[in-house]
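The file final.txt comes next; it holds compact mmCIF, C-alpha atoms.
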# COMPACT_ATOMS: atom_id res chain seq x y z
CA MET K 1 0.00 0.00 0.00
CA LYS K 2 2.81 2.40 0.76
CA ARG K 3 4.88 1.60 -2.29
CA THR K 4 2.21 2.31 -4.85
CA PRO K 5 1.68 6.00 -3.90
CA LEU K 6 5.43 6.49 -3.75
CA LEU K 7 5.85 5.12 -7.22
CA ALA K 8 3.07 7.37 -8.48
CA SER K 9 4.73 10.37 -6.90
CA ALA K 10 8.01 9.57 -8.54
CA LEU K 11 6.41 9.25 -11.96
CA VAL K 12 4.58 12.53 -11.59
CA ALA K 13 7.70 14.29 -10.51
CA VAL K 14 9.54 13.05 -13.58
CA ALA K 15 6.63 14.00 -15.81
CA LEU K 16 6.79 17.54 -14.52
CA SER K 17 10.51 18.08 -14.75
CA VAL K 18 11.28 16.53 -18.12
CA PRO K 19 9.08 18.83 -20.22
CA ALA K 20 10.52 21.84 -18.45
CA ALA K 21 13.98 20.88 -19.68
CA SER K 22 12.94 19.75 -23.15
CA PHE K 23 11.12 22.95 -24.01
CA ALA K 24 13.56 25.38 -22.50
CA ALA K 25 14.36 27.36 -25.63
CA THR K 26 14.61 30.93 -26.74
CA THR K 27 14.84 32.66 -30.07
CA GLY K 28 16.03 35.89 -31.58
CA THR K 29 16.09 37.36 -35.05
CA ALA K 30 18.57 39.25 -37.19
CA THR K 31 18.37 40.58 -40.72
CA VAL K 32 20.97 40.39 -43.45
CA THR K 33 20.74 42.81 -46.36
CA LEU K 34 22.53 42.75 -49.67
CA ALA K 35 22.94 46.31 -50.93
CA ALA K 36 23.29 45.57 -54.62
CA SER K 37 24.78 48.18 -56.92
CA ALA K 38 24.74 48.20 -60.70
CA ASN K 39 27.91 46.65 -61.97
CA ALA K 40 29.28 45.61 -65.34
CA MET K 41 32.18 43.32 -66.14
CA ILE K 42 34.24 42.56 -69.22
CA GLN K 43 36.72 39.89 -70.20
CA ILE K 44 38.87 40.06 -73.33
CA LEU K 45 38.88 36.64 -74.95
CA ASP K 46 41.19 37.62 -77.81
CA PRO K 47 43.84 39.95 -76.48
CA ALA K 48 45.78 40.00 -79.76
CA ILE K 49 44.94 39.47 -83.39
CA THR K 50 47.21 39.59 -86.42
CA LEU K 51 45.97 40.16 -89.95
CA THR K 52 48.31 38.99 -92.68
CA PRO K 53 47.02 40.15 -96.09
CA THR K 54 47.02 37.79 -99.02
CA THR K 55 47.56 38.79 -102.61
CA THR K 56 43.82 38.94 -103.02
CA ASP K 57 43.59 41.23 -99.99
CA TYR K 58 46.20 43.53 -101.56
CA ALA K 59 44.16 43.47 -104.76
CA ASN K 60 41.09 44.47 -102.74
CA ASP K 61 43.20 46.90 -100.73
CA PHE K 62 41.73 45.71 -97.46
CA VAL K 63 41.92 42.72 -95.11
CA ASP K 64 39.23 41.49 -92.72
CA ALA K 65 39.13 39.51 -89.50
CA ALA K 66 35.42 38.83 -89.14
CA GLY K 67 33.07 36.41 -87.43
CA ALA K 68 34.91 33.66 -85.63
CA ALA K 69 38.19 35.27 -86.67
CA GLY K 70 37.29 38.57 -85.05
CA LEU K 71 38.03 40.00 -81.61
CA ARG K 72 35.85 38.47 -78.92
CA VAL K 73 35.02 40.03 -75.60
CA GLN K 74 32.43 38.91 -73.08
CA VAL K 75 30.34 41.17 -70.91
CA LYS K 76 27.71 40.94 -68.21
CA THR K 77 25.80 43.24 -65.88
CA ASN K 78 23.32 43.21 -63.03
CA SER K 79 21.98 46.60 -64.05
CA SER K 80 18.26 46.33 -64.60
CA THR K 81 18.61 48.94 -67.35
CA GLY K 82 21.42 47.17 -69.17
CA MET K 83 24.86 48.19 -70.33
CA VAL K 84 26.87 49.71 -73.16
CA LEU K 85 30.00 48.18 -74.69
CA MET K 86 32.26 50.78 -76.24
CA VAL K 87 35.55 50.66 -78.10
CA ARG K 88 38.24 53.18 -78.95
CA CYS K 89 41.86 53.44 -80.02
CA ALA K 90 43.63 55.61 -77.51
CA ASP K 91 47.15 55.18 -78.90
CA ALA K 92 49.12 58.39 -78.83
CA ALA K 93 50.77 57.40 -82.12
CA PRO K 94 48.67 54.72 -83.82
CA GLN K 95 50.65 52.79 -86.41
CA ILE K 96 47.55 52.11 -88.46
CA ALA K 97 45.77 55.31 -89.37
CA LEU K 98 42.48 55.46 -87.51
CA ALA K 99 40.70 56.14 -90.77
CA ASP K 100 42.06 52.81 -92.09
CA LEU K 101 41.04 50.68 -89.08
CA LEU K 102 37.34 49.86 -89.27
CA VAL K 103 35.21 47.99 -86.74
CA ARG K 104 31.69 46.60 -86.58
CA THR K 105 29.85 43.73 -84.88
CA GLN K 106 27.47 41.12 -86.17
CA THR K 107 26.51 40.01 -82.67
CA ALA K 108 22.81 40.52 -82.16
CA ALA K 109 21.99 43.41 -79.89
CA GLY K 110 20.65 42.77 -76.42
CA THR K 111 16.98 43.31 -75.62
CA GLY K 112 16.07 46.84 -76.65
CA GLY K 113 19.68 47.52 -77.53
CA THR K 114 21.68 48.59 -80.57
CA THR K 115 24.79 47.53 -82.47
CA LEU K 116 27.40 49.12 -84.67
CA ALA K 117 26.44 46.96 -87.63
CA ALA K 118 28.27 48.80 -90.41
CA TYR K 119 32.05 49.18 -90.63
CA SER K 120 33.07 52.44 -89.04
CA ALA K 121 36.48 54.00 -88.54
CA ILE K 122 37.83 53.51 -85.06
CA THR K 123 38.06 56.73 -83.09
CA ALA K 124 40.18 57.99 -80.25
CA ALA K 125 37.01 58.52 -78.25
CA ASN K 126 34.60 55.79 -77.21
CA GLN K 127 31.94 54.75 -79.68
CA ASN K 128 29.13 52.36 -78.90
CA LEU K 129 29.61 48.90 -80.31
CA TRP K 130 26.83 46.91 -78.59
CA THR K 131 24.14 47.65 -76.02
CA THR K 132 21.32 46.06 -74.09
CA THR K 133 18.62 47.63 -71.94
CA VAL K 134 18.09 44.75 -69.56
CA ALA K 135 20.23 42.90 -67.05
CA GLN K 136 22.59 40.31 -68.49
CA HIS K 137 23.54 37.93 -65.69
CA LEU K 138 25.42 35.43 -67.82
CA TRP K 139 28.43 36.25 -69.95
CA GLN K 140 27.50 37.53 -73.39
CA ILE K 141 30.15 37.27 -76.12
CA VAL K 142 30.38 40.21 -78.47
CA THR K 143 32.63 39.82 -81.51
CA THR K 144 34.27 42.76 -83.19
CA ASP K 145 34.93 42.44 -86.91
CA VAL K 146 38.08 44.30 -87.90
CA ARG K 147 38.92 45.64 -91.33
CA VAL K 148 42.18 47.37 -92.27
CA GLN K 149 41.92 49.25 -95.51
CA ASN K 150 44.34 51.12 -97.77
CA LEU K 151 46.79 48.28 -97.30
CA ILE K 152 49.05 49.53 -100.00
CA ASN K 153 49.94 52.48 -97.79
CA TYR K 154 51.73 50.24 -95.27
CA ASP K 155 55.27 49.61 -96.49
CA ASP K 156 57.48 46.57 -96.11
CA ALA K 157 61.07 45.93 -97.17
CA ILE K 158 61.52 43.56 -100.11
CA SER K 159 63.42 40.97 -98.06
CA ALA K 160 61.76 38.01 -96.40
CA GLY K 161 59.35 38.54 -93.52
CA THR K 162 56.74 41.18 -92.81
CA THR K 163 56.50 44.56 -91.19
CA ASP K 164 54.09 44.94 -88.27
CA TYR K 165 51.79 47.88 -87.68
CA THR K 166 49.96 47.60 -84.38
CA ASN K 167 47.15 49.55 -82.74
CA THR K 168 45.65 48.94 -79.32
CA LEU K 169 41.89 48.85 -78.91
CA THR K 170 40.38 49.70 -75.54
CA TYR K 171 36.98 48.28 -74.65
CA THR K 172 34.82 49.81 -71.97
CA VAL K 173 31.59 48.48 -70.58
CA VAL K 174 29.31 50.72 -68.59
CA ALA K 175 26.13 49.84 -66.73
CA GLN K 176 23.34 52.18 -67.67
CA MET E 1 13.26 3.98 1.03
CA ILE E 2 12.96 6.22 4.05
CA ALA E 3 9.29 6.98 3.42
CA SER E 4 8.33 3.38 2.99
CA ASP E 5 9.75 2.54 6.38
CA GLY E 6 8.58 5.58 8.32
CA ASP E 7 5.84 8.05 9.17
CA PRO E 8 2.32 7.12 7.96
CA ASN E 9 1.44 10.82 7.72
CA MET E 10 4.15 11.34 5.16
CA THR E 11 2.72 8.53 3.08
CA ARG E 12 -0.78 10.01 3.30
CA SER E 13 0.30 13.49 2.25
CA THR E 14 2.25 12.05 -0.65
CA CYS E 15 -0.81 10.17 -1.69
CA VAL E 16 -2.95 13.34 -1.63
CA ALA E 17 -0.41 15.22 -3.70
CA SER E 18 -0.32 12.38 -6.19
CA LEU E 19 -4.08 12.36 -6.53
CA CYS E 20 -4.25 16.10 -7.01
CA LEU E 21 -1.65 15.97 -9.73
CA LEU E 22 -3.28 13.04 -11.45
CA LEU E 23 -6.82 14.43 -11.32
CA GLY E 24 -5.83 17.81 -12.75
CA ALA E 25 -8.71 20.21 -13.49
CA GLY E 26 -11.28 18.11 -11.71
CA VAL E 27 -9.94 18.90 -8.21
CA PRO E 28 -11.05 21.70 -5.88
CA ALA E 29 -9.46 25.16 -5.97
CA ALA E 30 -7.30 24.50 -2.95
CA ALA E 31 -5.82 21.48 -4.62
CA GLN E 32 -5.24 23.48 -7.80
CA ALA E 33 -3.36 26.07 -5.79
CA GLU E 34 -1.26 23.27 -4.40
CA ARG E 35 -0.53 22.11 -7.93
CA SER E 36 0.35 25.64 -8.99
CA ARG E 37 2.85 25.93 -6.20
CA SER E 38 4.34 22.61 -7.21
CA ALA E 39 4.72 23.78 -10.79
CA GLU E 40 6.36 27.01 -9.68
CA ALA E 41 8.79 25.06 -7.59
CA ALA E 42 9.58 22.86 -10.58
CA SER E 43 10.10 25.77 -12.94
CA ALA E 44 12.36 27.51 -10.49
CA LYS E 45 14.66 24.55 -10.80
CA ALA E 46 14.27 24.10 -14.58
CA THR E 47 17.11 24.60 -16.95
CA VAL E 48 16.87 27.86 -18.83
CA ALA E 49 18.54 29.34 -21.88
CA GLN E 50 18.98 32.91 -22.95
CA ILE E 51 19.97 34.45 -26.24
CA ASN E 52 20.98 38.00 -26.96
CA ILE E 53 21.29 39.20 -30.56
CA LEU E 54 24.24 41.58 -30.64
CA THR E 55 23.99 42.25 -34.37
CA PRO E 56 20.32 42.60 -35.19
CA ALA E 57 20.99 43.93 -38.70
CA LEU E 58 23.84 43.39 -41.11
CA VAL E 59 24.29 45.08 -44.47
CA LEU E 60 26.70 43.73 -47.09
CA ALA E 61 27.62 46.22 -49.82
CA PRO E 62 29.66 44.44 -52.50
CA THR E 63 32.72 46.12 -53.97
CA ALA E 64 33.86 45.79 -57.57
CA THR E 65 36.18 43.02 -56.41
CA ASP E 66 33.26 41.23 -54.77
CA TYR E 67 31.34 41.43 -58.02
CA ALA E 68 34.35 40.04 -59.84
CA ASN E 69 34.40 37.16 -57.33
CA ASN E 70 30.59 36.92 -57.52
CA PHE E 71 30.27 36.72 -53.74
CA VAL E 72 30.47 38.97 -50.73
CA GLU E 73 31.27 38.02 -47.16
CA ALA E 74 30.77 39.32 -43.66
CA ALA E 75 33.05 37.17 -41.57
CA GLY E 76 34.74 37.22 -38.20
CA ALA E 77 34.22 40.47 -36.37
CA SER E 78 32.07 41.66 -39.27
CA GLY E 79 29.69 38.72 -38.94
CA LEU E 80 26.46 38.28 -37.00
CA GLN E 81 27.12 38.03 -33.29
CA VAL E 82 24.78 36.44 -30.79
CA GLN E 83 25.33 35.70 -27.13
CA VAL E 84 24.04 32.57 -25.49
CA LYS E 85 24.03 31.15 -22.00
CA SER E 86 22.34 28.37 -20.08
CA ASN E 87 22.44 26.71 -16.73
CA SER E 88 22.02 23.28 -18.27
CA ILE E 89 24.71 20.91 -17.10
CA THR E 90 24.35 19.03 -20.39
CA GLY E 91 24.87 22.08 -22.52
CA MET E 92 22.91 23.80 -25.25
CA SER E 93 22.69 24.06 -29.01
CA LEU E 94 22.29 27.12 -31.22
CA SER E 95 20.47 26.77 -34.53
CA VAL E 96 19.58 29.24 -37.24
CA ARG E 97 17.03 29.27 -40.04
CA SER E 98 15.57 31.58 -42.61
CA SER E 99 12.19 32.99 -41.71
CA GLY E 100 9.76 35.22 -43.51
CA ALA E 101 9.85 35.77 -47.26
CA PRO E 102 13.51 35.68 -48.33
CA GLN E 103 14.63 38.15 -50.98
CA ILE E 104 17.99 36.47 -51.32
CA ALA E 105 17.73 32.93 -52.68
CA LEU E 106 18.46 30.50 -49.87
CA ALA E 107 20.92 28.66 -52.12
CA ASP E 108 22.86 31.92 -52.39
CA PHE E 109 22.84 32.53 -48.63
CA LEU E 110 25.61 30.63 -46.87
CA VAL E 111 26.46 30.53 -43.18
CA ARG E 112 29.17 29.07 -41.01
CA THR E 113 30.86 29.85 -37.72
CA THR E 114 34.50 29.98 -36.76
CA THR E 115 33.66 30.24 -33.07
CA ASP E 116 35.14 27.31 -31.19
CA PRO E 117 32.50 24.87 -30.01
CA GLY E 118 31.91 24.27 -26.34
CA PRO E 119 33.46 21.16 -24.74
CA LEU E 120 32.44 18.06 -26.74
CA GLY E 121 30.24 20.29 -28.87
CA PHE E 122 29.87 21.08 -32.54
CA ARG E 123 30.39 24.01 -34.82
CA ARG E 124 29.37 24.39 -38.46
CA SER E 125 32.75 25.29 -39.84
CA THR E 126 32.00 25.07 -43.57
CA TYR E 127 29.68 27.34 -45.48
CA THR E 128 26.24 25.82 -45.77
CA ALA E 129 23.13 27.11 -47.51
CA LEU E 130 20.63 28.54 -45.06
CA PRO E 131 17.49 26.37 -44.84
CA THR E 132 13.99 27.21 -43.64
CA THR E 133 14.34 24.63 -40.89
CA ASP E 134 16.75 24.87 -37.99
CA LEU E 135 20.37 24.38 -38.95
CA LEU E 136 22.65 23.49 -36.08
CA MET E 137 25.43 26.06 -35.87
CA TRP E 138 27.10 25.57 -32.52
CA SER E 139 26.73 23.48 -29.41
CA THR E 140 28.28 22.48 -26.14
CA LEU E 141 27.67 19.35 -24.13
CA VAL E 142 28.66 20.81 -20.80
CA ARG E 143 27.64 23.90 -18.94
CA VAL E 144 29.29 27.10 -20.08
CA ASN E 145 29.42 29.77 -17.45
CA GLY E 146 28.36 33.26 -18.42
CA TRP E 147 27.56 34.60 -21.86
CA ARG E 148 29.26 32.96 -24.84
CA THR E 149 29.44 34.92 -28.10
CA VAL E 150 28.90 32.90 -31.26
CA THR E 151 29.64 34.63 -34.56
CA THR E 152 27.95 33.66 -37.79
CA ASP E 153 29.93 34.30 -40.96
CA VAL E 154 27.68 35.16 -43.88
CA ARG E 155 28.53 34.68 -47.54
CA LEU E 156 26.17 35.77 -50.30
CA GLN E 157 27.01 34.22 -53.64
CA ASN E 158 25.79 34.75 -57.18
CA ILE E 159 25.49 38.41 -56.33
CA PHE E 160 25.45 39.26 -60.01
CA ASN E 161 21.90 37.89 -60.06
CA TYR E 162 20.66 40.72 -57.86
CA ASN E 163 19.76 43.68 -60.01
CA ASP E 164 20.11 47.34 -59.37
CA ALA E 165 19.05 50.22 -61.55
CA GLY E 166 21.88 52.28 -62.98
CA GLY E 167 22.80 55.52 -61.30
CA ALA E 168 23.39 56.37 -57.68
CA GLY E 169 22.16 54.30 -54.80
CA THR E 170 21.69 50.62 -54.24
CA THR E 171 18.88 48.08 -54.20
CA SER E 172 18.34 46.16 -50.98
CA TYR E 173 17.58 42.47 -50.70
CA THR E 174 16.88 41.35 -47.13
CA ASN E 175 16.48 38.00 -45.39
CA THR E 176 15.54 37.43 -41.78
CA LEU E 177 17.40 34.85 -39.72
CA THR E 178 15.87 33.29 -36.65
CA TYR E 179 18.22 31.90 -34.05
CA THR E 180 16.98 29.25 -31.65
CA LEU E 181 18.78 28.19 -28.51
CA VAL E 182 17.79 24.89 -26.95
CA VAL E 183 19.12 23.36 -23.75
CA GLN E 184 19.84 19.69 -23.97

Kindly transcribe the structure held in the file into structure tokens.
Amino acid sequence: MKRTPLLASALVAVALSVPAASFAATTGTATVTLAASANAMIQILDPAITLTPTTTDYANDFVDAAGAAGLRVQVKTNSSTGMVLMVRCADAAPQIALADLLVRTQTAAGTGGTTLAAYSAITAANQNLWTTTVAQHLWQIVTTDVRVQNLINYDDAISAGTTDYTNTLTYTVVAQ
Amino acid sequence: MIASDGDPNMTRSTCVASLCLLLGAGVPAAAQAERSRSAEAASAKATVAQINILTPALVLAPTATDYANNFVEAAGASGLQVQVKSNSITGMSLSVRSSGAPQIALADFLVRTTTDPGPLGFRRSTYTALPTTDLLMWSTLVRVNGWRTVTTDVRLQNIFNYNDAGGAGTTSYTNTLTYTLVVQ
């Protein structure tokens, strides 16, 4: 008779204390904010290109590096209003006359954007080559076709080998 | 053992207390008061845990380098700091989860801690995507005296996926983290 109530008391005591320990918990909150800013990035896939004119090119008086043979750069942006890819020749003393170095692109414009679709002389100041008006999260390759004209104006000695004339193109991408 | 060999009055009072506890709401008010006092006595002895959020808000503003890396971090002293303490002799565990409507994809929201675990405890030392259910971050299996600060390092990846309009200013994307401390 005495043992039964004692056992019941022990069980009740355990039943009371165990939940108190199991549910002893507390919480708190914190916030984390990403302050995103419009950003654009560029990578030059073809840092150098050499055009070696053939006899036919000399007959035409120009040489092209177009399509897959052109200069490739890739760009991307998180700007919701897109970006502009520009190109210029900022050489203090360009070895190819700027009027003889033409550029264009056949890469389709981004959404709502534009392209420089017709060959145009490179300039010392930036000119737009390709644009988009929406964000471009993945890399987009833009290829620049290059044409050098008036080839006959660029001399070479009669001996073996060639004479190099080099210009540097500077690409700039700007989020808009 | 002592009660079973001794005073009959002690046995009777134990029996009354047992009945009151077992009968619950069906007992008179006096018995309920007795039960209330018993519960208070139990809670006074219960293990407790406390948490104190030292960094209730954290803003990560990526630099150009961060965008080039496609992630941004707030780690170490720059991370989220919370303080925890408990009187549990078997320790405590700190978990974290995403709550509310996240504006940063949970797969892009990584957490870890470099805070040393308590004795025999655990720490999440590698970056792990933040889930909507509790993710164990840190624990101890023995009592830790006083407040212990646990820092959560935060890494946001794929930041190029989060748009901002051109021009000045930034666009904010905010997630809420809920920390839970449980004694064990």

Take CA of Ala68 (chain E) and CA of Phe160 (chain E) and report the distance between them in Å, one decimal.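 Distance reported for this atom pair: 8.9 Å.
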
Identify every residue of chain E that has at least one atom within 8 Å of any atom of chain K, counting all atoms listed in the file, and report the result as a VMD selection string. chain E and resid 4 11 14 to 15 17 to 18 21 to 22 39 42 to 43 46 to 53 55 to 62 64 67 to 68 80 104 156 159 to 167 169 to 184

If you measure from CA of Val72 (chain E) to CA of Val84 (chain K), what distance in Å do you get, rounded to one decimal? 25.1 Å

Can you list, as an MDAnalysis selection string, every protein, DNA or RNA residue that comes within 8 Å of region 133-147 of chain E when you count only C-alpha atoms, leaving out same-chain residues fewer than 2 positions away? chainID E and resid 83:98 112:113 117:124 130:131 149:150 180 184

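You will find CA of Val111 (chain E) at 20.0 Å from CA of Thr63 (chain E).
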
Selection near region 87-90 of chain K, 10 Å with all atoms listed in the file, sequence-local residues under 2 positions removed, as a tab-separated table (two decimals) with C-alpha atoms, in the frame of the given file:
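That gives us selection.tsv:
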chain	number	residue	atom	x	y	z
K	85	LEU	CA	30.00	48.18	-74.69
K	92	ALA	CA	49.12	58.39	-78.83
K	93	ALA	CA	50.77	57.40	-82.12
K	94	PRO	CA	48.67	54.72	-83.82
K	98	LEU	CA	42.48	55.46	-87.51
K	101	LEU	CA	41.04	50.68	-89.08
K	103	VAL	CA	35.21	47.99	-86.74
K	121	ALA	CA	36.48	54.00	-88.54
K	122	ILE	CA	37.83	53.51	-85.06
K	123	THR	CA	38.06	56.73	-83.09
K	124	ALA	CA	40.18	57.99	-80.25
K	125	ALA	CA	37.01	58.52	-78.25
K	126	ASN	CA	34.60	55.79	-77.21
K	127	GLN	CA	31.94	54.75	-79.68
K	128	ASN	CA	29.13	52.36	-78.90
K	129	LEU	CA	29.61	48.90	-80.31
K	130	TRP	CA	26.83	46.91	-78.59
K	144	THR	CA	34.27	42.76	-83.19
K	167	ASN	CA	47.15	49.55	-82.74
K	168	THR	CA	45.65	48.94	-79.32
K	169	LEU	CA	41.89	48.85	-78.91
K	170	THR	CA	40.38	49.70	-75.54
K	171	TYR	CA	36.98	48.28	-74.65
K	172	THR	CA	34.82	49.81	-71.97
K	173	VAL	CA	31.59	48.48	-70.58

Please provide the set of residues having any atom within 12 Å of Pro53 (chain K), restricted to only C-alpha atoms, with same-chain residues fewer than 4 positions apart removed, written as a list of chain:residue names.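 Neighbouring residues, sequence-local ones excluded: K:Asp57, K:Tyr58, K:Ala59, K:Asn60, K:Asp61, K:Phe62, K:Val63, K:Asp64, K:Ala65, K:Arg147, K:Val148, K:Gln149, K:Asn150, K:Leu151, K:Ile152, K:Tyr154, K:Thr162, K:Thr163, K:Asp164.
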
Radius query 7 Å about (27.1, 43.9, -85.6), atoms used: all atoms listed in the file, as a list in words: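 The residues that fall inside the cut-off are Arg104, Thr105, Gln106, Thr107, Ala108, Thr115, Leu116, Ala117 and Ala118 of chain K.
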
For Val142 (chain K), please output as a VMD selection string all residues within 6 Å (counting all atoms listed in the file; exclusion window: fewer than 6 positions along the same chain). chain K and resid 72 to 74 107

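Residues within 7 Å of Gly110 (chain K), counting only C-alpha atoms and excluding same-chain residues fewer than 5 positions away, are Thr131, Thr132 and Thr133 of chain K.
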
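For the residues E:Gly100, E:Arg148, E:Thr128, E:Ala77, ranking by smallest atom-to-atom distance to Asp116 (chain E) using only C-alpha atoms places E:Arg148 first.
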